[in-house]
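Asker: Below are the structure tokens for one structure; questions will follow.
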Number of protein chains: 2
Amino acid sequence: MGNPSSSKMEHVRTPFRGIINDFRGRAACYKQDWIGGVRSGLGILAPTTYIFFASALPVIAFGEQLNRDTDGSLSTVETLASTALCGIIHSILGGQPLLILGVAEPTVIMYTYLYNFAKGKEDLGQKLFLAWAGWVCVWTALLLLLLAIFNACTVINRFTRIAGELFGMLITVLFIQEAIKGMVSEFNIPKAEDPKLEKYQFPWLYTNGLLGIIFTSGLLYTALKSRKARSWWYGTGWFRSFIADYGVPLMVVIWTALSFSVPSKVPSGVPRRLFSPLPWESASLHHWTVIKDMGNVPPAYIFAALIPALMIAGLYFFDHSVASQLAQQKEFNLKNPSSYHYDILLLGFMTLLCGLLGLPPSNGVLPQSPMHTKSLAVLKRQLIRRKMVESAKESIKQKASNSEIYGKMQAVFLEIDSSPAITVAKELKDLKEAVMNGENKGENPKDSFDPEKHIDAYLPVRVNEQRVSNLLQSLLVAASVCAMPAIKQIPTSVLWGYFAYMAMDSLLGNQFWERMLLLFIMPGRRYKVFEGVHASFVESVPFKYIAMFTIFQLVYFLVCFGVTWIPIAGILFPLPFFILISIRQHILPKLFNPHHLQELDAAEYEEITSAPRRSLSLSFKEKEAAGLGNEEGEVEVCDAEMLDELTTSRGEFKVRTVSFHEDNRGHVYPEEIVQQE
Amino acid sequence: MGNPSSSKMEHVRTPFRGIINDFRGRAACYKQDWIGGVRSGLGILAPTTYIFFASALPVIAFGEQLNRDTDGSLSTVETLASTALCGIIHSILGGQPLLILGVAEPTVIMYTYLYNFAKGKEDLGQKLFLAWAGWVCVWTALLLLLLAIFNACTVINRFTRIAGELFGMLITVLFIQEAIKGMVSEFNIPKAEDPKLEKYQFPWLYTNGLLGIIFTSGLLYTALKSRKARSWWYGTGWFRSFIADYGVPLMVVIWTALSFSVPSKVPSGVPRRLFSPLPWESASLHHWTVIKDMGNVPPAYIFAALIPALMIAGLYFFDHSVASQLAQQKEFNLKNPSSYHYDILLLGFMTLLCGLLGLPPSNGVLPQSPMHTKSLAVLKRQLIRRKMVESAKESIKQKASNSEIYGKMQAVFLEIDSSPAITVAKELKDLKEAVMNGENKGENPKDSFDPEKHIDAYLPVRVNEQRVSNLLQSLLVAASVCAMPAIKQIPTSVLWGYFAYMAMDSLLGNQFWERMLLLFIMPGRRYKVFEGVHASFVESVPFKYIAMFTIFQLVYFLVCFGVTWIPIAGILFPLPFFILISIRQHILPKLFNPHHLQELDAAEYEEITSAPRRSLSLSFKEKEAAGLGNEEGEVEVCDAEMLDELTTSRGEFKVRTVSFHEDNRGHVYPEEIVQQE
């Protein structure tokens with residue numbers, strides 16, 4: 001994971017230094033950010049629509065959650081509007097344009113606490129809720145500005161895996177809770193509704209609940225299946241990629257369509273659909289008065305707003321930076337500089353703006369941000385590959401020598417890529433060797449140079465770093481505010497299924513979860529773990545310590561989860577996470593062997609494959625893999641599939657090593673493995 | 001697969017010779033069949049209950065199918081009664097006591113055709129249906145007697161994979177058809193019912209349908225998951241075995257229990273439950289008059305009954321022999337002789353008996369018969385292992401030399417097993433070596449003799465061949481006729497889910513299905529097949545011929561399936577299968593290279609593992625497998641798990657070889673593989 005405190009900034013303690021450095025660095029490539037995007041032509045639409053769907057769906061679901069939890073004060077219109085507004089601002093004025101913004105679950109939870117607090121106070125009430133939340137945003141913005149000015153981002157490498165995964169697990173459990181609460185609610189009459197309506201009479205209420213079960217589990221099952229489409233055996237590559245990229249929104253559309261197949265004898269309103277006022281209805285237009293109402297909030301509450309603001313600022317600082325960090329992992333070979341400090345500054349301003357408009361603020365989101373970078377890497381690769389193959393074929397036609405061919409290819413690469421020639425030469429070393437070998441061993445047709453095959457195998461990773469895809473996807477989100485009449489047709493039960501899907505999906509690659517599962521494997525069965533791909537700590541840390549560490553984390557997790565259930569003080573739920581960072585720093589090293597702690601709380605997600613399987617590497621060297629019995633000879637492994645296999649569902653890269661397990665069976669001790677690494 | 005025409009009978013053409021030989025062979029071990037069973041003590045109850053559930057559930061489901069298709073003339077009471085009656089007779093008087101009998105799907109289909117035919121004729125009608133079916137059974141019995149007398153079983157090795165798998169596929173498709181028809185029927189009012197009842201009013205009818213969808217898919221999903229429990233990573237071995245063995249009946253119980261959780265406001269009859277008269281109600285007692293009614297069947301119909309009888313006799317001959325064959329595969333190391341001819345004779349008498357009592361006849365069933373043998377192998381193994389470990393430990397205590405220890409162990413084995421000492425010595429060779437090596441390399445504690453570990457690793461397979469488990473499970477089926485009031489509580493939709501489960505389950509290991517899937521894999525993706533365990537024909541036959549053979553089989557399958565849709569002539573549906581056997585014999589060898597044909601239509605189910613995975617062998621040599629990082633050192637792989645991995649869901653053994661794929665990548669030609677085998 002890239003460390004944001006790059007050497008240049010290591011000793012910076014001067015206020016504003018981080019912001020100024022970031023600003024200068026990004027200003028230098030600002031023009032290129034637009035030109036590069038426009039140059040990609042229509043190809044840019046693929047990452048754009050991909051990220052749009054990945055980003056809009058949860059925002060719609062969170063909107064419905066907010067709508068229930070705030071008795072309609074906020075709804076899908078507001079969450080979409082905030083996402084669109086902040087996305088547009090960030091894509092134009094932001095530092096790192098790979099970062100994707102949106103309204104996230106922590107915001108929804110905080111706003112629910114704010115609402116419950118406000119509702120309970122006579123001098124606030126539902127009426128002044130948004131105005132008071134506006135004050136919370138004012139304080140939050142102020143705190144974020146201070147964090148940016150005093151270069152707080154230099155400490156984000158203290159946010160280790162333990163806190164991040166604990167927080168991820170909390171979100172997962174809250175998603176599951178939301179899915180279950182939602183499904184149960186389908187059997188009950190909503191509180192604000194008239195229980196005498198036909199659709200709330202027993203047979204129909206029960207029918208609604210049963211349809212809810214079918215839609216919720218149907219969406220969950222099909223969405224989980226479609227997520228894995230890229231590695232299916234069947235169907236063309238295009239079809240599999242399409243299902244993997246757009247399967248989840250597609251399933252929402254399909255289940256929504258199926259929900260219209262209920263016989264006409266069923267009264268309208270069964271199954272229940274999303275409830276949200278349309279953006280042009282009066283219920284949505286009161287936001288423009290929030291800023292006026294802010295003057296009516298009693299001063300005591302204005303100061304009390306500092307407490308939730310502290311929590312939100314901490315959360316946003318953490319989330320925004322980690323999302324940005326994962327979008328810029330070193331495996332992506334990014335060329336443009338990072339912009340952590342400046343982006344926190346801008347986030348402060350956007351939070352202020354949202355607060356004044358009565359919208360829930362947006363911040364950097366996972367896994368959409370690294371997904372965005374990944375999709376741009378695939379796009380860029382296609383572009384470079386095409387041009388290099390063209391040039392090589394041209395040279396071959398002219399009977400150029402292999403070194404001439406390579407020279408032309410390198411020139412083409414340099415033309416597209418802005419990296420210094422010396423770095424490129426190093427990165428292209430393998431390709432050069434392959435081309436040159438082609439000349440020497442010319443007699444064997446298998447080794448001779450084949451432009452398509454060799455370029456595929458040895459091309460380094462490049463990302464199309466630009467602002468256009470981010471802007472376009474934000475504009476699409478803005479457009480979907482106008483599509484609310486269509487979005488309102490989604491049955492609520494499909495959204496509960498979507499919550500369950502998000503929960504399941506986020507568990508993959510969460511080492512805390514994987515370690516908990518490990519505790520349930522009987523000692524005699526643990527060899528099964530070694531047979532497959534497994535996290536490296538399984539081999540390097542004795543089971544006893546894995547168990548201790550995991551049980552500590554589990555108990556801590558239960559405390560955190562317990563806090564969310566406390567009626568008003570629940571608003572302090574991020575506090576234990578901040579405390580955990582300090583526990584990790586000062587107490588855990590006293591309880592665990594530092595080496596074990598480092599393995600269990602590693603910065604990198606390290607995996608070990610036991611069998612000598614196809615070794616996965618990021619230079620896309622895959623295509624050589626077996627092809628026996630396959631007359632066509634060509635093996636199809638698409639880039640996106642490899643990237644899928646190599647990243648966790650949070651978007652984090654996995655580092656893979658091959659185990660030495662098979663060779664010295666029974667004789668490998670933790671020390672040896674460490675040395676071998 | 002064991003060839004029933006053992007050398008002794010190869011030239012037998014004399015009538016009755018097969019029956020007489022079988023009878024003599026089995027008579028010699030008849031007493032031992034009972035003593036051996038009684039000696040196993042309570043241990044025999046495990047295979048008994050296991051087979052009882054595996055055998056009773058489909059019989060209940062087929063009963064409900066028959067009940068719908070014959071307007072209640074036959075129902076679950078009759079299918080259970082026939083299964084119990086024939087099971088008891090076969091376990092006492094039958095030749096091969098490992099063979100399990102039951103009412104099977106082909107019988108249900110044939111009886112449905114018979115019913116539809118009878119119903120349409122004025123001088124038969126529903127009233128004389130069972131009497132006419134009785135005549136069909138009389139003819140069938142006669143034909144089976146003739147087949148037994150003239151030693152027809154010597155030809156059963158002509159029933160190759162192509163016909164068997166085609167037939168299996170037909171049953172699968174009919175199961176799926178039944179599941180879908182059943183699920184749709186939950187939304188409709190049954191024809192014989194009064195549509196004015198409250199439960200048939202629209203909201204409740206629709207509720208019944210929705211509950212049907214939930215129960216059907218719920219049972220299908222959970223049953224499929226529980227089937228794989230043995231290889232789960234989590235839970236104790238006992239728990240996993242229990243779920244794998246009893247998961248499906250358990251799921252039926254759980255979903256039935258859940259069906260009682262519908263609120264009390266839902267009228268009774270929603271969800272619909274199994275419909276069957278109780279065995280002591282008058283509707284079930286008319287069977288005793290069937291034999292009287294047989295005299296009232298017009299003579300023309302008595303002779304017409306010969307046509308369906310030809311089909312049924314062919315089917316039963318085929319099914320009964322193949323089930324028996326798979327229960328006696330050579331991998332089981334059975335000691336008692338086979339009894340194909342005599343068992344067909346007895347089947348004839350049982351068919352006659354069922355016909356006269358107005359019951360649908362039973363025949364040998366798959367996969368229950370090989371499942372029975374498998375469970376008895378596990379039981380026997382536990383017994384031998386315990387006694388041998390005891391003896392070895394005793395000898396070690398007395399400081400006996402390793403050759404003395406081995407001598408004692410062999411003596412114990414011989415005492416339990418009836419095989420000749422010379423064969424046993426050969427089979428125990430590996431164990432002997434292990435024991436002897438323990439003495440020589442005594443200095444290395446890892447190699448020294450550990451009774452439990454070494455006996456586990458080198459014990460040959462033995463089956464507890466006896467009649468007790470078969471008799472007990474048949475008695476349990478008889479007892480469950482009295483449990484009809486409880487069985488009637490199963491919702492019909494759970495049974496449709498069970499049909500879908502049986503369909504899915506039977507596809508695993510059906511090479512016809514696997515080849516069809518192969519056609520949908522793009523050429524560039526075929527390497528994925530080689531990465532996993534795959535059937536050997538994938539490597540040894542060029543794709544073009546695999547495709548040709550499969551498409552031929554598919555077209556033939558569609559013809560067979562089409563025949564079942566023809567109203568009355570559909571009764572001839574087994575005919576294409578009989579013709580296929582002749583096509584396979586005379587026409588296919590002209591279209592395909594004999595080597596390819598042999599691979600595609602192989603007698604053995606051969607598989608290739610590509611990576612040097614744990615090699616699976618039937619001598620249970622598994623336990624040595626990896627155990628690194630596992631402090632307890634003991635690896636838990638239970639016997640049943642290995643057997644599961646090594647048999648298809650039909651109960652057929654897989655022969656596994658390791659591919660040479662990795663070593664000479666890209667250079668293996670079909671010829672080489674054949675030689676290496």
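In the structure tokens, chains take letters A, B, ... by order of appearance, with residues numbered from 1 within each chain and ligands from 1 in the order shown.
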Once DSSP has gone over the backbone, tell me which residues of range 362-551 of chain A are in alpha helix (DSSP H), as an MDAnalysis selection string.
Answerer: chainID A and resid 368:397 402:416 421:427 429:440 451:458 468:482 484:487 492:507 511:519 527:531 537:540 543:551
Asker: Contacts of range 600-604 of chain B at 7 Å or less, counting only C-alpha atoms, minus same-chain residues fewer than 2 places along, as a compact mmCIF listing (two decimals) with N, CA and C atoms, in the first residue's frame?
Answerer:
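After the write, selection.txt holds the following:
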```txt
# COMPACT_ATOMS: atom_id res chain seq x y z
N MET B 1 -15.95 -52.26 -13.40
CA MET B 1 -17.25 -52.81 -13.05
C MET B 1 -17.22 -54.32 -13.22
N THR B 160 -23.78 -50.39 -22.31
CA THR B 160 -22.64 -49.51 -22.05
C THR B 160 -23.12 -48.17 -21.50
N ARG B 161 -22.11 -47.36 -21.17
CA ARG B 161 -22.34 -46.04 -20.59
C ARG B 161 -23.34 -45.20 -21.40
N ILE B 162 -23.25 -45.25 -22.72
CA ILE B 162 -24.08 -44.37 -23.55
C ILE B 162 -25.57 -44.56 -23.25
N PHE B 537 -11.33 -38.88 -21.04
CA PHE B 537 -11.55 -38.71 -22.48
C PHE B 537 -11.20 -37.29 -22.94
N HIS B 596 -11.35 -44.01 -29.76
CA HIS B 596 -12.12 -42.87 -29.24
C HIS B 596 -13.44 -43.35 -28.65
N LEU B 597 -14.08 -44.27 -29.37
CA LEU B 597 -15.37 -44.77 -28.91
C LEU B 597 -15.22 -45.44 -27.55
N GLN B 598 -14.15 -46.17 -27.42
CA GLN B 598 -13.91 -46.86 -26.16
C GLN B 598 -13.71 -45.87 -25.02
N GLU B 606 -13.20 -42.86 -15.65
CA GLU B 606 -11.81 -42.58 -15.42
C GLU B 606 -11.57 -41.08 -15.30
N LYS B 654 -14.73 -44.17 -9.43
CA LYS B 654 -13.93 -43.45 -10.40
C LYS B 654 -12.51 -44.01 -10.34
N VAL B 655 -11.90 -44.16 -11.49
CA VAL B 655 -10.51 -44.58 -11.52
C VAL B 655 -9.69 -43.33 -11.74
```
Asker: From the options B:Phe413, B:Phe543, B:Tyr498, B:Phe552, which residue's atoms come nearest to chain A, counting only C-alpha atoms?
Answerer: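 For chain A, the nearest of the candidates is B:Phe543.
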Asker: What does the C-alpha RMSD come to when chain B is least-squares superposed onto chain A, all C-alpha atoms paired in sequence order?
Answerer: 0.1 Å
Asker: In Å to one decimal, how far is CA of Trp132 in chain A from CA of Ala305 in chain A?
Answerer: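 The value is 7.4 Å.
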Asker: May I have the residues within 8 Å of Gln329 in chain A as a list in words, using only C-alpha atoms and disregarding those fewer than 2 positions away in the same chain?
Answerer: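 Once the adjacent positions are removed, what remains is Met1, Gly2, Gln325, Leu326, Ala327, Glu331, Phe332, Asn333, Glu652 and Phe653 of chain A.
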Asker: Nearest residue to Ile20 in chain B out of B:Gly95, B:Pro279, B:Gly407, B:Pro47, using only C-alpha atoms?
Answerer: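 Going through B:Gly95, B:Pro279, B:Gly407, B:Pro47 one by one, the smallest distance to Ile20 in chain B is for B:Gly95.
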Asker: Need the shell around range 181-190 of chain A: protein/DNA/RNA residues with any atom at most 7 Å away, counting only C-alpha atoms. Skip same-chain ones fewer than 5 positions apart. Format as a PyMOL selection string?
Answerer: chain A and resi 195+200+205-206+208-209+212-213+493+496
Asker: For His372 in chain A, please output as a ChimeraX atom specification all residues within 9 Å (counting only C-alpha atoms; exclusion window: fewer than 2 positions along the same chain).
Answerer: /A:47-48,50-51,98-100,327,367-370,374-377,469-470
Asker: In Å, rounded to a single decimal, give me how far CA of Arg68 in chain A is from CA of Thr83 in chain A.
Answerer: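 For CA of Thr83 in chain A relative to CA of Arg68 in chain A, the distance reads 19.4 Å.
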